[in-house]
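One structure below.
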Amino acid sequence: MSLRCSLIDGSPIRKRQCVAMRIILVTALRSAVYGLLTFTGLYAFFIGLLTIPVLQDQVIYLNRVKLTWFQDANVPEQWGFLRNQVTPFFLNTPDGESLHAWHILPLGLYQQNRAALSAEPQGLTLDIKERLSFKFLRDDPSSLLVLYFHGAAGTLGSGWRPPSYRAMSAGAPHRIHTLAIDYRGFGSSSGYPSEKGLLTDAITLAEWAMKVADIPPSRIVIFAQSLGTAVALSLIHHMAAQPEPVLFSGVVLVAPFADVASLTATYRIAGTIPVLDPLAKFPSLLTWLNTWIIAKWPSKTKLADFIRRCEDLDRELPRYDITMIHAEDDYDIPWSHSDQLFWHAANASMPNGISFAEPEEEKLASRVDSEAGGWAVERRTSRGTIREQIMKYGLHDRIMSYPVVSLAVMRAFGESL
């Protein structure tokens, strides 16, 4: 319909209709422009808020989002565990924080001692060293231990974490114990999260396992998911850098990320909201924003340095074993982050480094395809193994409870299992 309004091709009514249509279109266009300007302004305001440390920490850690409201984490039976299969307790950090922790018994061991365990009081224990579960861990020379570091948001009982605890011990249901903590500022733990603080929490858990529970590092596997992978890599880097290096039996990383700078360009809240995707289209602006972010979590750098240190260690010391697991349908953290980590680890394993194309060529030559099950590739040196497993399905956190994780934990224990 023509917007020309004249009496030549129509009546005064026709002219009024044309004028009305023009007004509607102009109003719609004006509303669209105002809407775009409002959205741009709000988005710019949001980006400005991200330069404030307290607010950016909430975006990174989401520790206030508990996801277990109205549930008491000192009653693990709410998540399907048997009476006293899980012992809640607190760990004290050197800087004065209290970390809420769970000690999860493997089902087979629990079944063998069910009557004695059920006779103990339920709920939070003030002295875990007096509990049977602790004595089973400490006194059995064949017991194995997984130190579990969860992702952002939630608590010990959130989402797919309880099912994933069961996956930890599925390969040896009489021997593999699991210790999990809520970092400072999460759940019932005291304090406020920070990069330095979460590393302190991880060191506290590891030293408690080795010094109080008396489990040697050769019988300990580190498991981590999402944010927890950055914590885990900082932990193993710290332990390997000590005057007397400590190497754990193995490390299993699920849905890791390369570093916060890389994550800002790809992360999606709940797998759907691309927080900084519009800004990522302007690299200089994204780089500027990253200069304001305090928490760096440089996982790819920590991993590479860890590998270099291990490659230079005495041949009599234990070998390293790193497994990265990611799902192709992970919409929170794309699996390309695992690719980046694998390349940095492979590059660090060679005295003269490698090009980015070399591991890709190796993958094509040596990868094992499992069709709908995904694919896997590994790189071995005389000092250790780096492994990447990409699954077709599993999303961001559901994959934690899958058999691929149970097998990775079993493999990480190596000769101890």
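Going through the structure tokens in order, the chains are called A, B, and so on, while each chain numbers its residues from 1 and the ligands are numbered from 1 in the order shown.
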
*asked:* Taking 5 positions as the minimum chain separation for residues in the same chain, which residues sit within 9 Å of Leu286 of chain A when counting only C-alpha atoms? Answer as a PyMOL selection string.
replied: chain A and resi 261+264-265+276+279-281+291

Contacts of segment 92-150 of chain A with segment 64-78 of chain A up to 12 Å, shortest pair per row, only C-alpha atoms, as JSON lines:
```
{"residue": "A:His100", "atom": "CA", "partner": "A:Ala73", "partner_atom": "CA", "distance": 8.9}
{"residue": "A:Ala101", "atom": "CA", "partner": "A:Asn74", "partner_atom": "CA", "distance": 9.5}
{"residue": "A:Trp102", "atom": "CA", "partner": "A:Pro76", "partner_atom": "CA", "distance": 8.7}
{"residue": "A:His103", "atom": "CA", "partner": "A:Pro76", "partner_atom": "CA", "distance": 10.5}
{"residue": "A:Ile104", "atom": "CA", "partner": "A:Pro76", "partner_atom": "CA", "distance": 9.6}
{"residue": "A:Pro121", "atom": "CA", "partner": "A:Val75", "partner_atom": "CA", "distance": 11.5}
{"residue": "A:Gln122", "atom": "CA", "partner": "A:Val75", "partner_atom": "CA", "distance": 7.7}
{"residue": "A:Gly123", "atom": "CA", "partner": "A:Asn74", "partner_atom": "CA", "distance": 5.2}
{"residue": "A:Leu124", "atom": "CA", "partner": "A:Asn74", "partner_atom": "CA", "distance": 5.5}
{"residue": "A:Thr125", "atom": "CA", "partner": "A:Asn74", "partner_atom": "CA", "distance": 9.1}
{"residue": "A:Leu126", "atom": "CA", "partner": "A:Asn74", "partner_atom": "CA", "distance": 11.8}
```

So that I have them on file, write out the residues from the current selection with N, CA and C atoms, as a PDB file, in the first residue's frame.
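So out.pdb came out as:
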```pdb
ATOM      1  N   HIS A 100      32.917 -26.441  55.465  1.00  0.00           N
ATOM      2  CA  HIS A 100      31.982 -27.561  55.610  1.00  0.00           C
ATOM      3  C   HIS A 100      32.411 -28.678  54.659  1.00  0.00           C
ATOM      4  N   ALA A 101      32.499 -29.894  55.175  1.00  0.00           N
ATOM      5  CA  ALA A 101      33.011 -31.014  54.379  1.00  0.00           C
ATOM      6  C   ALA A 101      32.129 -32.247  54.550  1.00  0.00           C
ATOM      7  N   TRP A 102      32.172 -33.087  53.544  1.00  0.00           N
ATOM      8  CA  TRP A 102      31.530 -34.399  53.599  1.00  0.00           C
ATOM      9  C   TRP A 102      32.576 -35.485  53.367  1.00  0.00           C
ATOM     10  N   HIS A 103      32.520 -36.520  54.191  1.00  0.00           N
ATOM     11  CA  HIS A 103      33.291 -37.746  53.939  1.00  0.00           C
ATOM     12  C   HIS A 103      32.295 -38.804  53.498  1.00  0.00           C
ATOM     13  N   ILE A 104      32.395 -39.236  52.244  1.00  0.00           N
ATOM     14  CA  ILE A 104      31.438 -40.189  51.674  1.00  0.00           C
ATOM     15  C   ILE A 104      32.085 -41.571  51.600  1.00  0.00           C
ATOM     16  N   PRO A 121      25.677 -41.615  66.076  1.00  0.00           N
ATOM     17  CA  PRO A 121      24.762 -40.467  65.941  1.00  0.00           C
ATOM     18  C   PRO A 121      24.777 -39.927  64.511  1.00  0.00           C
ATOM     19  N   GLN A 122      23.646 -39.399  64.081  1.00  0.00           N
ATOM     20  CA  GLN A 122      23.552 -38.802  62.750  1.00  0.00           C
ATOM     21  C   GLN A 122      23.928 -37.326  62.783  1.00  0.00           C
ATOM     22  N   GLY A 123      24.218 -36.808  61.600  1.00  0.00           N
ATOM     23  CA  GLY A 123      24.429 -35.375  61.448  1.00  0.00           C
ATOM     24  C   GLY A 123      25.869 -34.940  61.627  1.00  0.00           C
ATOM     25  N   LEU A 124      26.037 -33.638  61.842  1.00  0.00           N
ATOM     26  CA  LEU A 124      27.357 -33.029  61.954  1.00  0.00           C
ATOM     27  C   LEU A 124      28.125 -33.615  63.130  1.00  0.00           C
ATOM     28  N   THR A 125      29.380 -33.992  62.884  1.00  0.00           N
ATOM     29  CA  THR A 125      30.228 -34.496  63.954  1.00  0.00           C
ATOM     30  C   THR A 125      31.253 -33.436  64.319  1.00  0.00           C
ATOM     31  N   LEU A 126      31.505 -33.286  65.601  1.00  0.00           N
ATOM     32  CA  LEU A 126      32.466 -32.293  66.068  1.00  0.00           C
ATOM     33  C   LEU A 126      33.896 -32.806  65.990  1.00  0.00           C
TER      34      LEU A 126
END
```

Pull the closest atom pair for each residue of segment 389-410 of chain A that gets at most 12 Å from segment 140-154 of chain A, along with the distance in Å to one decimal, counting only C-alpha atoms, ordering rows by chain and then ascending residue number, as CSV.
```
residue,atom,partner,partner_atom,distance
A:His396,CA,A:Gly151,CA,10.1
A:Asp397,CA,A:Gly151,CA,8.8
A:Met400,CA,A:His150,CA,10.2
A:Ser406,CA,A:Val146,CA,11.3
A:Ala408,CA,A:Val146,CA,11.8
A:Val409,CA,A:Val146,CA,8.3
A:Met410,CA,A:Leu144,CA,10.3
```

Would you export the selected residues with all heavy atoms as a PDB file, in the first residue's frame, please?
```
ATOM      1  N   HIS A 396      26.947 -29.788  31.023  1.00  0.00           N
ATOM      2  CA  HIS A 396      28.035 -29.200  31.808  1.00  0.00           C
ATOM      3  C   HIS A 396      28.318 -29.981  33.089  1.00  0.00           C
ATOM      4  O   HIS A 396      29.470 -30.126  33.488  1.00  0.00           O
ATOM      5  CB  HIS A 396      27.689 -27.752  32.150  1.00  0.00           C
ATOM      6  CG  HIS A 396      28.782 -27.022  32.877  1.00  0.00           C
ATOM      7  ND1 HIS A 396      30.032 -26.829  32.326  1.00  0.00           N
ATOM      8  CD2 HIS A 396      28.830 -26.454  34.119  1.00  0.00           C
ATOM      9  CE1 HIS A 396      30.798 -26.163  33.181  1.00  0.00           C
ATOM     10  NE2 HIS A 396      30.092 -25.930  34.267  1.00  0.00           N
ATOM     11  N   ASP A 397      27.260 -30.468  33.725  1.00  0.00           N
ATOM     12  CA  ASP A 397      27.469 -31.126  35.011  1.00  0.00           C
ATOM     13  C   ASP A 397      26.936 -32.549  35.093  1.00  0.00           C
ATOM     14  O   ASP A 397      27.412 -33.345  35.903  1.00  0.00           O
ATOM     15  CB  ASP A 397      26.871 -30.290  36.149  1.00  0.00           C
ATOM     16  CG  ASP A 397      25.460 -29.821  35.838  1.00  0.00           C
ATOM     17  OD1 ASP A 397      24.870 -30.290  34.858  1.00  0.00           O
ATOM     18  OD2 ASP A 397      24.955 -28.954  36.594  1.00  0.00           O
ATOM     19  N   MET A 400      29.321 -35.564  35.121  1.00  0.00           N
ATOM     20  CA  MET A 400      30.078 -35.963  36.314  1.00  0.00           C
ATOM     21  C   MET A 400      29.657 -37.310  36.857  1.00  0.00           C
ATOM     22  O   MET A 400      30.440 -37.987  37.521  1.00  0.00           O
ATOM     23  CB  MET A 400      29.904 -34.925  37.431  1.00  0.00           C
ATOM     24  CG  MET A 400      30.473 -33.576  37.146  1.00  0.00           C
ATOM     25  SD  MET A 400      30.422 -32.535  38.638  1.00  0.00           S
ATOM     26  CE  MET A 400      28.656 -32.378  38.911  1.00  0.00           C
ATOM     27  N   SER A 406      33.904 -42.495  36.218  1.00  0.00           N
ATOM     28  CA  SER A 406      34.305 -43.614  37.084  1.00  0.00           C
ATOM     29  C   SER A 406      35.540 -44.316  36.527  1.00  0.00           C
ATOM     30  O   SER A 406      36.474 -44.656  37.277  1.00  0.00           O
ATOM     31  CB  SER A 406      33.156 -44.621  37.220  1.00  0.00           C
ATOM     32  OG  SER A 406      32.005 -44.014  37.753  1.00  0.00           O
ATOM     33  N   ALA A 408      37.792 -42.994  34.533  1.00  0.00           N
ATOM     34  CA  ALA A 408      38.926 -42.085  34.623  1.00  0.00           C
ATOM     35  C   ALA A 408      39.519 -42.089  36.029  1.00  0.00           C
ATOM     36  O   ALA A 408      40.745 -42.059  36.202  1.00  0.00           O
ATOM     37  CB  ALA A 408      38.490 -40.669  34.239  1.00  0.00           C
ATOM     38  N   VAL A 409      38.661 -42.147  37.042  1.00  0.00           N
ATOM     39  CA  VAL A 409      39.145 -42.216  38.425  1.00  0.00           C
ATOM     40  C   VAL A 409      39.898 -43.520  38.657  1.00  0.00           C
ATOM     41  O   VAL A 409      40.986 -43.528  39.260  1.00  0.00           O
ATOM     42  CB  VAL A 409      37.968 -42.069  39.414  1.00  0.00           C
ATOM     43  CG1 VAL A 409      38.421 -42.389  40.840  1.00  0.00           C
ATOM     44  CG2 VAL A 409      37.386 -40.662  39.344  1.00  0.00           C
ATOM     45  N   MET A 410      39.347 -44.623  38.173  1.00  0.00           N
ATOM     46  CA  MET A 410      40.030 -45.917  38.306  1.00  0.00           C
ATOM     47  C   MET A 410      41.410 -45.865  37.657  1.00  0.00           C
ATOM     48  O   MET A 410      42.408 -46.306  38.238  1.00  0.00           O
ATOM     49  CB  MET A 410      39.190 -47.021  37.655  1.00  0.00           C
ATOM     50  CG  MET A 410      37.897 -47.360  38.375  1.00  0.00           C
ATOM     51  SD  MET A 410      36.901 -48.542  37.420  1.00  0.00           S
ATOM     52  CE  MET A 410      38.005 -49.953  37.377  1.00  0.00           C
TER      53      MET A 410
END
```

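Relative to atom CA of Ile333 of chain A, atom CA of Pro403 of chain A is found at 20.8 Å.
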
*asked:* Give me the residues near Met391 of chain A as a ChimeraX atom specification, where near means some atom within 6 Å (using only C-alpha atoms) and where sequence neighbours in that chain fewer than 2 positions away do not count.
replied: /A:327,373-374,393
